[in-house]
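Engineer: Once you've had a glance at the structure underneath, I'll fire off some questions.
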Protein chains: 4
Amino acid sequence: MSEQTRLSGIFTPNIIPLDSQGRIDEEETRRYVDWLIDHGVHGLYPNGSTGEFTRFTAEERIRIIEIITDQVGGRVPVLAGAAEANTSETIRACEKYHELGVRAVAIVSPFYYPVSPQGVYAYFREIALHSPVDVTLYNIPMFASPIDVPTVQRLAEECERVVAIKDSSGDLPNMMRMITAVRPLRPDFSFLTGWDPALVAMMLMGADGGTNASSGIVPEVTRKLYDLTVKGELDEAIALQYRLLTLFDAMILNSDFPEGFRAALQLRGIQTGEGRQPMSSPQQSDLEQLRHELQCLLADHGYSEEPAGGCHAPAVGSDEISRIVQGVMGELARRGIA
Amino acid sequence: MSEQTRLSGIFTPNIIPLDSQGRIDEEETRRYVDWLIDHGVHGLYPNGSTGEFTRFTAEERIRIIEIITDQVGGRVPVLAGAAEANTSETIRACEKYHELGVRAVAIVSPFYYPVSPQGVYAYFREIALHSPVDVTLYNIPMFASPIDVPTVQRLAEECERVVAIKDSSGDLPNMMRMITAVRPLRPDFSFLTGWDPALVAMMLMGADGGTNASSGIVPEVTRKLYDLTVKGELDEAIALQYRLLTLFDAMILNSDFPEGFRAALQLRGIQTGEGRQPMSSPQQSDLEQLRHELQCLLADHGYSEEPAGGCHAPAVGSDEISRIVQGVMGELARRGIA
Amino acid sequence: MSEQTRLSGIFTPNIIPLDSQGRIDEEETRRYVDWLIDHGVHGLYPNGSTGEFTRFTAEERIRIIEIITDQVGGRVPVLAGAAEANTSETIRACEKYHELGVRAVAIVSPFYYPVSPQGVYAYFREIALHSPVDVTLYNIPMFASPIDVPTVQRLAEECERVVAIKDSSGDLPNMMRMITAVRPLRPDFSFLTGWDPALVAMMLMGADGGTNASSGIVPEVTRKLYDLTVKGELDEAIALQYRLLTLFDAMILNSDFPEGFRAALQLRGIQTGEGRQPMSSPQQSDLEQLRHELQCLLADHGYSEEPAGGCHAPAVGSDEISRIVQGVMGELARRGIA
Amino acid sequence: MSEQTRLSGIFTPNIIPLDSQGRIDEEETRRYVDWLIDHGVHGLYPNGSTGEFTRFTAEERIRIIEIITDQVGGRVPVLAGAAEANTSETIRACEKYHELGVRAVAIVSPFYYPVSPQGVYAYFREIALHSPVDVTLYNIPMFASPIDVPTVQRLAEECERVVAIKDSSGDLPNMMRMITAVRPLRPDFSFLTGWDPALVAMMLMGADGGTNASSGIVPEVTRKLYDLTVKGELDEAIALQYRLLTLFDAMILNSDFPEGFRAALQLRGIQTGEGRQPMSSPQQSDLEQLRHELQCLLADHGYSEEPAGGCHAPAVGSDEISRIVQGVMGELARRGIA
């Protein structure tokens, strides 16, 4: 558990393609895994929120990890979502996924019932004490009981098995608070952000990477974002972060999560099938319109053809973004000389 | 589906006793069912939030309905919580529970992912179209995506299978809005409140009863509350509602739900075992103290011995409550004469 | 400070009519005061939230109390909103309003900055220690720091000057908690609800009346609602409460508060002028449509002519409401016999 | 209104020292102004939230701007908080402050009443149309109606007078959204962050500076933070940002805002006097303890003596922070080489 092995990079919380009967489409899932690895993701993260883990049965969740680990075949590490109905079931999943060779599991904080910080602590401690595989805490306060800084610190201190936190809050100062509280004690502990538009800033402040839904759609972009940031090529990184923000917003706003991401993935050529959460007619129409918008954005990135009929000039095109960023960088440089 | 068959009364969202290994304690569950029926509940509501449906596996949830329906043996109607991972699984549960003879199922709105009103509509419509048994919508906005008034109205209009809503928000005017929107179109549609301290007021405004966690602990009290309200004996009903509030607050505040209810049920002589959500040491100490307080409250109601060492004078005792209510009633009477 | 003098009834949080230059229209304000008293309100409550106290200057707020107390001339008690920039200024306002003969002042909890319960306590205590006139606490957690139950209890115990709480949360169980905590110690302490659609239920549970924005628009309705409830004529009271809910919702939803109330008041013949908060063109169009809807509702109540062009059949008309309520009452009666 | 004049740098939202009677302490205020300028702040921002503008009377708010502008004497620009009871009064304040020579005014979004985006737009538009001086929008969604991105964009497009937004939300992606929406249209428009621990990240993403409460306490630190970021010396900037976070958290958490900042300012030698919001005894004790902690933190920064009795070893000292940051930077460098 040395610093060398710290979890780092972009782990893709992958969508699971479904067939026309709504069953797991194993073939397309395997093709998607290869496509992601070929496009540069550092790892896979099945059974995450983007992967709609709650909408699969317990048996299906196991099957998903089997397919993913088999198809990955050790090419990249796998971080497996392992939250089940209770701690016993979760520990059983940890054991199973350990046998399947995952690098670590990720366990979301208790949800449905709001659980107090003391309860969150007790929950993760119980799991960590019995898991044969490294555990990543998963903090997503929009969906589940928050994991506060003292709880992260305490779990990091007491449980060697707990090796990382994935934080999807997008709260930069809070990420800094966690790093401040934990890094001196546990240099092997990793901090991953699940909030895509803050990736560069989070990494600059010390985060080790991300588990970003966007990386399942434009893995080239998130990989480049990561590499540029690591290399310290900040002007390019920031320009690209701005471009990703526009795409991310189109996918996450104005549709029920993760429908926007599924629609975009179809445009990249993955046959996702339809999701399991039914949609009303207005939702389907909205999604059709979103598809058009996404296709234009992806075309603007160079990852798709323009849709039939073409695209309106974007409110803010890539040129303008470049201009903004050059302006920022120029001014920074100018002031720096002064 | 005439008005005569409208769901009404108090349906108990029962806790499931567990054995020392954390498994369903079937024998004690059966004993608890009998105890509840003997103490006057109008119906059972297994796999509700109080019953911690999310902390059991899908197989256990089926087993729970099998045990409950078998033990009830037709003595009272059963409302079965049937929410599963997705609509297909939920519909399968509806079919299974229909075979087991439940009066209706209750389906909580989608949770974990916040779902828009359009998505909530599509979700329930899909289920209602395929369910062979009557469906109760379950609105609990603290835990799950809210079901707003237009959505309730639309589902009531379009789906004959949807026969009721259980609302746990405790928002009285919103209950009135739902009744205003739905009752003219569907006189057979039932409105049940899950917020115990508002039971009397909700019933006065037209609600048909409740699914109240308190009824699993003091079924005599909630039954009496219901009967008094139906009979129009409001002074007694209001006095009892105030007493129930004190007990309810003790059980629901200051501990993670539903631990306070479990602790109180143990004091009534049901061997609940420990819950599946682990507790930290401070939580266990707090619960010990809560147990003392609950025992005093139950003793005050006449449903338990005083704990060893006795009770401090309660902040507000039953005499004082009686005095308050008499004052209210007296003043109402006096002004009525004026 | 005996129980006989407990604040009770409906205190109208009156809007202040403005002239075409946006200044206080003193003449119309005086005419409005007379109109309200003639239509049965128990008291006036100038400088409340409906009265937009924050949108007047400190000098104007004083002038408002001068006009109101002068015009009221002792016919009904006046509850004067007295919150100013800080405790010193607030205490000066209390002194001034005391000289002007108000029955009590109402002080909203600190706003803009969220203040902790300890700070809320210290704030009110400071004011209560120096005010020469009775003080009503004003709890409106949607707009200002909440006043929690222990704080109300402590202030009631320690400060004789604090004689009432106006609670606009609409949270019925919380009102019951406050009554439970305070009434035994302070039988002279009054509880007023600011949430109009819960008025009947709040009074049944022991509240003494309300400070209801609706009473400034349809004072006959809220007076009748109060009288029916006091007399125990609950079937009529509940039917009327349902009708008021429809009107209240039309006024409070879909426009920035209190524009819906201002629009409705114009329909009752009070020349309110325009408000001080500017409106965009779409807002003005929306308000025009709302005016039509409000006129239909008021016509349905018998308080206005139908608008030119007539009204569509309301989604739920008065007949249907009557039918609903009769159904409820009939069923209660029927079950009571059983 | 060219890009050259874009508002930039750190504007200090200064506390106003009070005398023992709670009145403005003019002499100490003037001394504080000099001290701030001597310690490197780029501008002053009186009547901000830290300056507790709502707790002063309208006359006092004018007096504050008079004192500040007089004492500043043109050495640095002044951004004057000018929100008053309504648009007319606010516009009068704008005129007055313009005469006094302020660089711009800052107007907080409507508060107390939640105002819709359309209303927020109408409010600022009305002010911008009549103000003789540049206007900064002030977005602080924790305290006031949020100003959303389309509203910022529309105001920037339509109102030349609107030249900046001060955003205190700390939401980095949202700041990026505003920059994306506005900068192409208005290169002269400035973006200032009010969330101190995100200052470096915000500036890297294109923000022009900040209005940071911390800058009133440790102006050397925030100035250095700004300069380091502008110069691109990110490793030092980030290390300092971490140190500032610890101090900021100590000042903003665990006490009612802005008491922690006032306590710290006293430790820097400014006689602030006591605030106008009363404190309970427990609050005063807590503050005493906070003072000790703050003194240790300031001593650790080199800006104060250690308190009598010394300091415990900090949970995370400056050495550790340095080590963390060096680790981050080292790793970035190492990976950059790879």
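Going by the structure tokens order, chains are called A, B, ..., each with residues numbered from 1, while ligands are numbered from 1 in the order shown.
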Write out as JSON, numbers by chain all residues of region 4-146 of chain B that backbone DSSP assigns to helix (DSSP H, G or I).

Structural biologist: {"B": [4, 5, 26, 27, 28, 29, 30, 31, 32, 33, 34, 35, 36, 37, 38, 53, 54, 55, 58, 59, 60, 61, 62, 63, 64, 65, 66, 67, 68, 69, 70, 71, 72, 87, 88, 89, 90, 91, 92, 93, 94, 95, 96, 97, 98, 99, 117, 118, 119, 120, 121, 122, 123, 124, 125, 126, 127, 128, 129, 130]}

Engineer: Can you pull out every residue within 12 Å of Gln21 (chain A), counting only C-alpha atoms, but drop anything in the same chain fewer than 2 positions away, and send it as a VMD selection string?

Structural biologist: (chain A and resid 17 to 19 23 to 25 273 to 276) or (chain B and resid 88)

Engineer: Deliver the residues from the most recent selection as a file, using N, CA and C atoms, as a compact mmCIF listing (two decimals), in the first residue's frame.

Structural biologist:
# COMPACT_ATOMS: atom_id res chain seq x y z
N PRO A 17 -24.74 -1.42 -21.89
CA PRO A 17 -25.66 -1.58 -23.02
C PRO A 17 -26.70 -2.68 -22.75
N LEU A 18 -27.93 -2.40 -23.15
CA LEU A 18 -29.03 -3.36 -22.98
C LEU A 18 -29.57 -3.76 -24.35
N ASP A 19 -30.10 -4.97 -24.42
CA ASP A 19 -30.68 -5.39 -25.70
C ASP A 19 -32.14 -4.95 -25.79
N ARG A 23 -32.35 -6.65 -21.44
CA ARG A 23 -31.35 -7.46 -20.74
C ARG A 23 -29.95 -6.93 -21.04
N ILE A 24 -29.00 -7.30 -20.20
CA ILE A 24 -27.62 -6.90 -20.43
C ILE A 24 -27.18 -7.42 -21.81
N ASP A 25 -26.67 -6.50 -22.63
CA ASP A 25 -26.16 -6.89 -23.95
C ASP A 25 -24.66 -7.16 -23.81
N GLY A 273 -28.99 0.64 -26.38
CA GLY A 273 -30.38 0.29 -26.09
C GLY A 273 -31.04 1.35 -25.25
N GLU A 274 -32.29 1.09 -24.88
CA GLU A 274 -33.01 2.05 -24.03
C GLU A 274 -32.77 1.75 -22.56
N GLY A 275 -32.89 2.75 -21.73
CA GLY A 275 -32.72 2.57 -20.30
C GLY A 275 -33.90 1.87 -19.66
N ARG A 276 -33.76 1.54 -18.42
CA ARG A 276 -34.81 0.81 -17.69
C ARG A 276 -35.82 1.72 -17.01
N SER B 88 -39.73 -3.93 -14.49
CA SER B 88 -39.98 -5.36 -14.75
C SER B 88 -39.99 -6.16 -13.47

Engineer: Pick out the residues sitting within 9 Å of Asp208 (chain C), and hand them over as a ChimeraX atom specification; count only C-alpha atoms, and ignore anything fewer than 2 positions along from it in its own chain.

Structural biologist: /B:328 /C:6-10,190-193,202-203,206,210

Engineer: Which residues in region 104-136 of chain D does DSSP call strand (DSSP E or B)? List them as a short mmCIF file (atom, residue, chain, number, x, y, z; two decimals) with N, CA and C atoms, in the first residue's frame.

Structural biologist:
data_model
loop_
_atom_site.label_atom_id
_atom_site.label_comp_id
_atom_site.auth_asym_id
_atom_site.auth_seq_id
_atom_site.Cartn_x
_atom_site.Cartn_y
_atom_site.Cartn_z
N ALA D 104 -17.14 51.78 -8.38
CA ALA D 104 -18.38 51.09 -8.76
C ALA D 104 -19.18 50.81 -7.50
N VAL D 105 -20.43 50.46 -7.70
CA VAL D 105 -21.22 49.97 -6.58
C VAL D 105 -21.42 48.47 -6.73
N ALA D 106 -21.73 47.82 -5.62
CA ALA D 106 -22.10 46.41 -5.64
C ALA D 106 -23.51 46.30 -5.07
N ILE D 107 -24.37 45.59 -5.79
CA ILE D 107 -25.77 45.47 -5.36
C ILE D 107 -26.10 44.00 -5.19
N VAL D 108 -26.44 43.65 -3.97
CA VAL D 108 -26.82 42.26 -3.71
C VAL D 108 -28.20 42.00 -4.32
N PHE D 111 -33.25 40.12 -1.29
CA PHE D 111 -33.25 39.11 -0.23
C PHE D 111 -34.51 39.23 0.61
N VAL D 135 -22.02 49.21 -12.05
CA VAL D 135 -22.72 48.33 -11.11
C VAL D 135 -22.11 46.93 -11.14
N THR D 136 -21.83 46.41 -9.97
CA THR D 136 -21.41 45.01 -9.81
C THR D 136 -22.58 44.21 -9.25
#

Engineer: So how many Å separate CA of Ser109 (chain B) and CA of Gly51 (chain A), to one decimal?

Structural biologist: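 Going from CA of Ser109 (chain B) over to CA of Gly51 (chain A), I get 20.0 Å.
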
Engineer: Tell me, as a list in words, which residues lie within 10 Å of Tyr97 (chain B), counting only C-alpha atoms; anything in the same chain fewer than 2 positions away does not count.

Structural biologist: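 Final neighbour list, sorted by chain and number: Ile62, Ile65, Glu66, Thr69, Val78, Leu79, Ala80, Gly81, Ala82, Ile91, Arg92, Ala93, Cys94, Glu95, Glu99, Leu100, Gly101, Val102, Arg103, Ala104, Val105, Pro132 and Val133 of chain B.
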
Engineer: Using only C-alpha atoms, I'd like every residue of chain B that has an atom within 7 Å of chain A; please write them out as a list in words.

Structural biologist: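 On the chain B side, the interface is Thr54, Arg55, Phe56, Thr57, Ala85, Asn86, Phe111, Tyr112, Tyr113, Val115, Ser116, Gln118, Gly119, Ala122, Tyr123, Phe143, Ala144, Asp256, Arg276, Gln277, Pro278, Met279, Ser280 and Gln283 of chain B.
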
Engineer: Measure the distance from CA of Met178 (chain B) to CA of Ala213 (chain C) in Å and round it to one decimal.

Structural biologist: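 One can read the CA of Met178 (chain B) to CA of Ala213 (chain C) distance as 22.7 Å.
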
Engineer: Quick one: residues within 9 Å of Tyr303 (chain D), only C-alpha atoms counted, chain neighbours fewer than 5 positions away excluded, as a ChimeraX atom specification?

Structural biologist: /D:218,267-268,295,297-298

Engineer: Could you tell me which of C:Gln284, C:Asn47, C:Thr12, C:Gln153 comes closest to Ile217 (chain C) if we count only C-alpha atoms?

Structural biologist: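 Between C:Gln284, C:Asn47, C:Thr12, C:Gln153, the residue approaching Ile217 (chain C) most closely is C:Thr12.
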
Engineer: Write out as an mmCIF file with C-alpha atoms, in the first residue's frame which residues come within 12 Å of Val221 (chain D) when counting only C-alpha atoms, dropping same-chain ones fewer than 5 positions away.

Structural biologist:
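File out.cif, as written:
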data_model
loop_
_atom_site.group_PDB
_atom_site.id
_atom_site.type_symbol
_atom_site.label_atom_id
_atom_site.label_comp_id
_atom_site.auth_asym_id
_atom_site.auth_seq_id
_atom_site.Cartn_x
_atom_site.Cartn_y
_atom_site.Cartn_z
ATOM 1 C CA ILE D 10 -8.627 41.731 -4.124
ATOM 2 C CA LEU D 36 -5.356 47.526 4.781
ATOM 3 C CA HIS D 39 -0.771 45.704 3.630
ATOM 4 C CA GLY D 40 -1.514 45.492 -0.047
ATOM 5 C CA VAL D 41 -5.217 45.250 -0.748
ATOM 6 C CA ASP D 196 -11.783 32.618 -0.313
ATOM 7 C CA LEU D 199 -9.528 31.981 -5.073
ATOM 8 C CA ASN D 212 -12.645 38.063 0.259
ATOM 9 C CA ALA D 213 -13.401 38.413 3.924
ATOM 10 C CA SER D 214 -10.007 36.904 4.743
ATOM 11 C CA SER D 215 -8.315 39.834 3.046
ATOM 12 C CA GLY D 216 -9.552 42.050 5.853
ATOM 13 C CA TYR D 226 -3.142 36.887 -5.927
ATOM 14 C CA ASP D 227 0.345 37.830 -7.008
ATOM 15 C CA LEU D 228 1.619 34.258 -7.037
ATOM 16 C CA GLU D 236 3.559 28.385 -3.853
ATOM 17 C CA ALA D 237 0.081 29.688 -4.605
ATOM 18 C CA ALA D 239 0.474 25.852 -0.692
ATOM 19 C CA LEU D 240 -0.694 29.249 0.482
ATOM 20 C CA GLN D 241 -4.269 28.533 -0.588
ATOM 21 C CA TYR D 242 -4.209 25.480 1.667
ATOM 22 C CA ARG D 243 -2.943 27.545 4.569
ATOM 23 C CA LEU D 244 -5.610 30.165 3.978
ATOM 24 C CA LEU D 245 -8.276 27.463 3.917
ATOM 25 C CA LEU D 247 -7.628 29.991 8.700
ATOM 26 C CA PHE D 248 -10.797 30.684 6.715
ATOM 27 C CA LEU D 298 -2.092 33.626 13.123
ATOM 28 C CA HIS D 301 1.426 32.468 9.892
ATOM 29 C CA GLY D 302 3.719 34.861 11.755
ATOM 30 C CA TYR D 303 1.049 37.504 12.246
#
